[in-house]
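These notes are about the structure you will find just below.
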Amino acid sequence: MADFPAITHVALTVSDLERSAAWYERLLGVAPALDEDTGAFQHKVYPVSDGMLLGLHAHPDPDETTFTATRPGLDHVAFGCANRQELEQWQSRLDELGIEHGGIQKAHYGSGLSFKDPDGLPLEFFAPPE
């Protein structure tokens with residue numbers, strides 16, 4: 001059997017596409033590679049790295065339930081950093097953008113820097129152990 005395929009994209013449902021798009025564009029430093037209204041939903045898709053894409057979806061009749069990581073489904077999305085130094089650079093970038101975060105947390109399996117998007121979706125920058 002072939003190796004398990006890589007994740008090509010992650011799509012997040014947001015409550016306000018324009019608000020979230022502006023926030024993610026500041027964070028990512030890129031414009032969307034795709035911006036369309038399919039009729040069933042609107043979405044913007046951003047190149048992240050190595051062919052990976054991050055999509056933001058807005059649906060015409062959204063479920064207004066507040067996100068919680070304890071409900072079955074998404075817990076968080078983590079973006080990989082090569083090392084602690086890169087993680088520290090992202091911490092500085094979040095500070096520059098005024099994005100609240102929990103500071104770098106070290107564990108035996110690596111270090112993480114957690115923060116949330118405008119809808120409260122949990123995101124993280126993660127570096128392997130030194």
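Residue numbering restarts at 1 for every chain of the structure tokens, chains are lettered A, B, ... in their displayed order, and ligands are numbered from 1 as they appear.
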(request) From a DSSP calculation on the backbone, collect every residue of chain A in alpha helix (DSSP H) and output the set as a ChimeraX atom specification. (result) /A:17-28,84-97
Pull N, CA and C atoms from the residues just selected and write them as a PDB file, in the first residue's frame.
ATOM      1  N   LEU A  17     -17.254  36.254   6.486  1.00  0.00           N
ATOM      2  CA  LEU A  17     -16.152  35.960   5.569  1.00  0.00           C
ATOM      3  C   LEU A  17     -15.221  37.154   5.384  1.00  0.00           C
ATOM      4  N   GLU A  18     -15.754  38.340   5.216  1.00  0.00           N
ATOM      5  CA  GLU A  18     -14.890  39.508   4.977  1.00  0.00           C
ATOM      6  C   GLU A  18     -14.051  39.848   6.203  1.00  0.00           C
ATOM      7  N   ARG A  19     -14.639  39.783   7.384  1.00  0.00           N
ATOM      8  CA  ARG A  19     -13.883  40.049   8.617  1.00  0.00           C
ATOM      9  C   ARG A  19     -12.775  39.021   8.784  1.00  0.00           C
ATOM     10  N   SER A  20     -13.106  37.751   8.627  1.00  0.00           N
ATOM     11  CA  SER A  20     -12.112  36.697   8.784  1.00  0.00           C
ATOM     12  C   SER A  20     -11.049  36.768   7.694  1.00  0.00           C
ATOM     13  N   ALA A  21     -11.456  37.055   6.463  1.00  0.00           N
ATOM     14  CA  ALA A  21     -10.494  37.154   5.363  1.00  0.00           C
ATOM     15  C   ALA A  21      -9.473  38.245   5.652  1.00  0.00           C
ATOM     16  N   ALA A  22      -9.929  39.394   6.124  1.00  0.00           N
ATOM     17  CA  ALA A  22      -8.992  40.485   6.448  1.00  0.00           C
ATOM     18  C   ALA A  22      -8.019  40.046   7.537  1.00  0.00           C
ATOM     19  N   TRP A  23      -8.508  39.346   8.553  1.00  0.00           N
ATOM     20  CA  TRP A  23      -7.655  38.884   9.663  1.00  0.00           C
ATOM     21  C   TRP A  23      -6.630  37.868   9.163  1.00  0.00           C
ATOM     22  N   TYR A  24      -7.076  36.878   8.403  1.00  0.00           N
ATOM     23  CA  TYR A  24      -6.170  35.844   7.903  1.00  0.00           C
ATOM     24  C   TYR A  24      -5.166  36.414   6.899  1.00  0.00           C
ATOM     25  N   GLU A  25      -5.590  37.371   6.085  1.00  0.00           N
ATOM     26  CA  GLU A  25      -4.660  37.972   5.127  1.00  0.00           C
ATOM     27  C   GLU A  25      -3.551  38.724   5.845  1.00  0.00           C
ATOM     28  N   ARG A  26      -3.863  39.373   6.956  1.00  0.00           N
ATOM     29  CA  ARG A  26      -2.822  40.028   7.763  1.00  0.00           C
ATOM     30  C   ARG A  26      -1.886  38.987   8.354  1.00  0.00           C
ATOM     31  N   LEU A  27      -2.442  37.910   8.884  1.00  0.00           N
ATOM     32  CA  LEU A  27      -1.638  36.862   9.510  1.00  0.00           C
ATOM     33  C   LEU A  27      -0.761  36.149   8.484  1.00  0.00           C
ATOM     34  N   LEU A  28      -1.358  35.728   7.376  1.00  0.00           N
ATOM     35  CA  LEU A  28      -0.654  34.930   6.372  1.00  0.00           C
ATOM     36  C   LEU A  28       0.235  35.767   5.456  1.00  0.00           C
ATOM     37  N   ARG A  84      12.454  26.191  17.417  1.00  0.00           N
ATOM     38  CA  ARG A  84      12.035  27.152  18.442  1.00  0.00           C
ATOM     39  C   ARG A  84      12.243  28.592  17.959  1.00  0.00           C
ATOM     40  N   GLN A  85      13.325  28.840  17.234  1.00  0.00           N
ATOM     41  CA  GLN A  85      13.603  30.189  16.743  1.00  0.00           C
ATOM     42  C   GLN A  85      12.481  30.682  15.826  1.00  0.00           C
ATOM     43  N   GLU A  86      12.037  29.825  14.928  1.00  0.00           N
ATOM     44  CA  GLU A  86      10.936  30.204  14.040  1.00  0.00           C
ATOM     45  C   GLU A  86       9.658  30.438  14.846  1.00  0.00           C
ATOM     46  N   LEU A  87       9.430  29.616  15.859  1.00  0.00           N
ATOM     47  CA  LEU A  87       8.270  29.782  16.735  1.00  0.00           C
ATOM     48  C   LEU A  87       8.317  31.151  17.422  1.00  0.00           C
ATOM     49  N   GLU A  88       9.480  31.538  17.881  1.00  0.00           N
ATOM     50  CA  GLU A  88       9.648  32.848  18.529  1.00  0.00           C
ATOM     51  C   GLU A  88       9.398  33.986  17.540  1.00  0.00           C
ATOM     52  N   GLN A  89       9.777  33.797  16.279  1.00  0.00           N
ATOM     53  CA  GLN A  89       9.506  34.813  15.257  1.00  0.00           C
ATOM     54  C   GLN A  89       7.997  34.974  15.053  1.00  0.00           C
ATOM     55  N   TRP A  90       7.268  33.863  15.080  1.00  0.00           N
ATOM     56  CA  TRP A  90       5.816  33.952  14.940  1.00  0.00           C
ATOM     57  C   TRP A  90       5.187  34.605  16.170  1.00  0.00           C
ATOM     58  N   GLN A  91       5.747  34.371  17.332  1.00  0.00           N
ATOM     59  CA  GLN A  91       5.234  35.048  18.528  1.00  0.00           C
ATOM     60  C   GLN A  91       5.392  36.558  18.356  1.00  0.00           C
ATOM     61  N   SER A  92       6.534  36.993  17.877  1.00  0.00           N
ATOM     62  CA  SER A  92       6.752  38.419  17.629  1.00  0.00           C
ATOM     63  C   SER A  92       5.774  38.949  16.589  1.00  0.00           C
ATOM     64  N   ARG A  93       5.515  38.163  15.555  1.00  0.00           N
ATOM     65  CA  ARG A  93       4.584  38.586  14.511  1.00  0.00           C
ATOM     66  C   ARG A  93       3.170  38.734  15.070  1.00  0.00           C
ATOM     67  N   LEU A  94       2.735  37.790  15.895  1.00  0.00           N
ATOM     68  CA  LEU A  94       1.420  37.916  16.524  1.00  0.00           C
ATOM     69  C   LEU A  94       1.351  39.168  17.379  1.00  0.00           C
ATOM     70  N   ASP A  95       2.423  39.445  18.115  1.00  0.00           N
ATOM     71  CA  ASP A  95       2.474  40.663  18.930  1.00  0.00           C
ATOM     72  C   ASP A  95       2.342  41.911  18.055  1.00  0.00           C
ATOM     73  N   GLU A  96       3.071  41.945  16.932  1.00  0.00           N
ATOM     74  CA  GLU A  96       3.006  43.081  16.003  1.00  0.00           C
ATOM     75  C   GLU A  96       1.590  43.290  15.481  1.00  0.00           C
ATOM     76  N   LEU A  97       0.882  42.190  15.228  1.00  0.00           N
ATOM     77  CA  LEU A  97      -0.476  42.262  14.692  1.00  0.00           C
ATOM     78  C   LEU A  97      -1.527  42.505  15.770  1.00  0.00           C
TER      79      LEU A  97
END
(request) Determine which residues of range 10-125 of chain A DSSP labels as strand (DSSP E) from the backbone of this structure, then write them out as number ranges by chain. (result) A: 10-13, 34-37, 42-49, 52-58, 77-80, 101-107, 110-116, 122-125
How would the residues just chosen look if you wrote them out with N, CA and C atoms as a short mmCIF file (atom, residue, chain, number, x, y, z; two decimals), in the first residue's frame?
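part11.cif was written with the following content:
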data_model
loop_
_atom_site.label_atom_id
_atom_site.label_comp_id
_atom_site.auth_asym_id
_atom_site.auth_seq_id
_atom_site.Cartn_x
_atom_site.Cartn_y
_atom_site.Cartn_z
N VAL A 10 -7.13 22.63 4.55
CA VAL A 10 -8.04 22.67 5.69
C VAL A 10 -9.02 23.79 5.39
N ALA A 11 -10.31 23.54 5.57
CA ALA A 11 -11.34 24.55 5.34
C ALA A 11 -12.05 24.83 6.65
N LEU A 12 -12.11 26.10 7.01
CA LEU A 12 -12.75 26.53 8.25
C LEU A 12 -14.02 27.30 7.92
N THR A 13 -15.10 26.99 8.60
CA THR A 13 -16.33 27.76 8.45
C THR A 13 -16.26 28.96 9.37
N LEU A 34 -8.04 31.87 -4.49
CA LEU A 34 -9.38 31.60 -5.01
C LEU A 34 -10.37 32.37 -4.15
N ASP A 35 -11.31 33.04 -4.79
CA ASP A 35 -12.35 33.81 -4.11
C ASP A 35 -13.61 33.62 -4.94
N GLU A 36 -14.54 32.79 -4.46
CA GLU A 36 -15.72 32.53 -5.28
C GLU A 36 -16.96 32.28 -4.44
N ASP A 37 -18.08 32.50 -5.07
CA ASP A 37 -19.39 32.17 -4.52
C ASP A 37 -19.90 31.00 -5.34
N GLN A 42 -19.84 30.63 0.04
CA GLN A 42 -18.76 31.48 -0.45
C GLN A 42 -17.48 30.99 0.20
N HIS A 43 -16.37 31.12 -0.54
CA HIS A 43 -15.11 30.76 0.09
C HIS A 43 -13.93 31.50 -0.52
N LYS A 44 -12.90 31.64 0.31
CA LYS A 44 -11.62 32.19 -0.09
C LYS A 44 -10.58 31.16 0.32
N VAL A 45 -9.62 30.93 -0.56
CA VAL A 45 -8.61 29.91 -0.31
C VAL A 45 -7.23 30.54 -0.42
N TYR A 46 -6.40 30.28 0.58
CA TYR A 46 -5.07 30.89 0.68
C TYR A 46 -3.97 29.84 0.60
N PRO A 47 -2.91 30.14 -0.16
CA PRO A 47 -1.74 29.25 -0.15
C PRO A 47 -1.00 29.44 1.17
N VAL A 48 -0.65 28.34 1.83
CA VAL A 48 0.06 28.44 3.11
C VAL A 48 1.53 28.09 2.90
N SER A 49 1.82 26.85 2.53
CA SER A 49 3.20 26.45 2.22
C SER A 49 3.20 25.06 1.62
N MET A 52 0.10 23.40 0.49
CA MET A 52 -1.00 23.35 1.46
C MET A 52 -1.87 24.59 1.30
N LEU A 53 -3.18 24.42 1.40
CA LEU A 53 -4.13 25.51 1.27
C LEU A 53 -4.98 25.62 2.53
N LEU A 54 -5.36 26.86 2.85
CA LEU A 54 -6.26 27.13 3.97
C LEU A 54 -7.49 27.83 3.40
N GLY A 55 -8.66 27.22 3.58
CA GLY A 55 -9.89 27.79 3.06
C GLY A 55 -10.76 28.36 4.16
N LEU A 56 -11.43 29.45 3.84
CA LEU A 56 -12.44 30.04 4.71
C LEU A 56 -13.77 29.93 4.00
N HIS A 57 -14.75 29.33 4.66
CA HIS A 57 -16.07 29.12 4.06
C HIS A 57 -17.12 29.89 4.85
N ALA A 58 -18.07 30.47 4.14
CA ALA A 58 -19.23 31.11 4.75
C ALA A 58 -20.47 30.53 4.09
N VAL A 77 -6.12 23.76 14.69
CA VAL A 77 -5.28 23.61 13.51
C VAL A 77 -3.90 24.11 13.90
N ALA A 78 -2.87 23.30 13.64
CA ALA A 78 -1.49 23.68 13.99
C ALA A 78 -0.66 23.84 12.72
N PHE A 79 0.11 24.93 12.68
CA PHE A 79 1.02 25.21 11.59
C PHE A 79 2.43 24.89 12.06
N GLY A 80 3.16 24.11 11.27
CA GLY A 80 4.48 23.64 11.67
C GLY A 80 5.59 24.66 11.51
N HIS A 101 -2.32 35.79 22.39
CA HIS A 101 -1.86 34.40 22.36
C HIS A 101 -1.50 33.97 23.77
N GLY A 102 -1.24 32.68 23.93
CA GLY A 102 -0.94 32.14 25.24
C GLY A 102 0.55 32.02 25.54
N GLY A 103 1.40 32.61 24.70
CA GLY A 103 2.83 32.48 24.90
C GLY A 103 3.29 31.08 24.49
N ILE A 104 4.58 30.93 24.35
CA ILE A 104 5.13 29.64 23.95
C ILE A 104 5.08 28.68 25.14
N GLN A 105 4.47 27.53 24.90
CA GLN A 105 4.36 26.50 25.93
C GLN A 105 5.21 25.31 25.50
N LYS A 106 6.13 24.91 26.36
CA LYS A 106 7.04 23.81 26.05
C LYS A 106 6.52 22.51 26.67
N ALA A 107 6.61 21.43 25.90
CA ALA A 107 6.26 20.10 26.37
C ALA A 107 7.32 19.14 25.86
N GLY A 110 7.32 18.86 22.04
CA GLY A 110 7.52 20.06 21.24
C GLY A 110 7.00 21.29 21.95
N SER A 111 7.02 22.41 21.26
CA SER A 111 6.55 23.68 21.83
C SER A 111 5.46 24.26 20.94
N GLY A 112 4.47 24.84 21.59
CA GLY A 112 3.35 25.41 20.85
C GLY A 112 3.05 26.83 21.27
N LEU A 113 2.47 27.57 20.35
CA LEU A 113 2.04 28.94 20.56
C LEU A 113 0.59 29.02 20.10
N SER A 114 -0.34 29.08 21.04
CA SER A 114 -1.77 29.03 20.74
C SER A 114 -2.39 30.41 20.65
N PHE A 115 -3.35 30.55 19.73
CA PHE A 115 -4.10 31.80 19.55
C PHE A 115 -5.42 31.45 18.89
N LYS A 116 -6.32 32.43 18.74
CA LYS A 116 -7.64 32.16 18.16
C LYS A 116 -7.94 33.17 17.05
N PRO A 122 -9.48 27.73 17.44
CA PRO A 122 -8.13 27.65 17.98
C PRO A 122 -7.09 27.26 16.93
N LEU A 123 -6.04 28.07 16.90
CA LEU A 123 -4.91 27.87 15.99
C LEU A 123 -3.64 27.77 16.80
N GLU A 124 -2.60 27.22 16.19
CA GLU A 124 -1.35 27.05 16.92
C GLU A 124 -0.19 27.04 15.93
N PHE A 125 0.94 27.59 16.36
CA PHE A 125 2.22 27.37 15.69
C PHE A 125 2.92 26.33 16.56
#
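Coordinates place CA of Leu121 in chain A at a distance of 8.8 Å from CA of Leu74 in chain A.
Each of A:Asp61, A:Asp50, A:Glu100, A:Asp75 was compared to Val14 in chain A using only C-alpha atoms, and A:Asp61 turns out to be the nearest.
Nearest residue to Pro60 in chain A among A:Ala33, A:Asp16, A:Cys81, A:Pro129 is A:Asp16, counting only C-alpha atoms.
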(request) Provide the CA of Asn83 in chain A to CA of Pro128 in chain A distance in Å, to one decimal place. (result) 6.3 Å
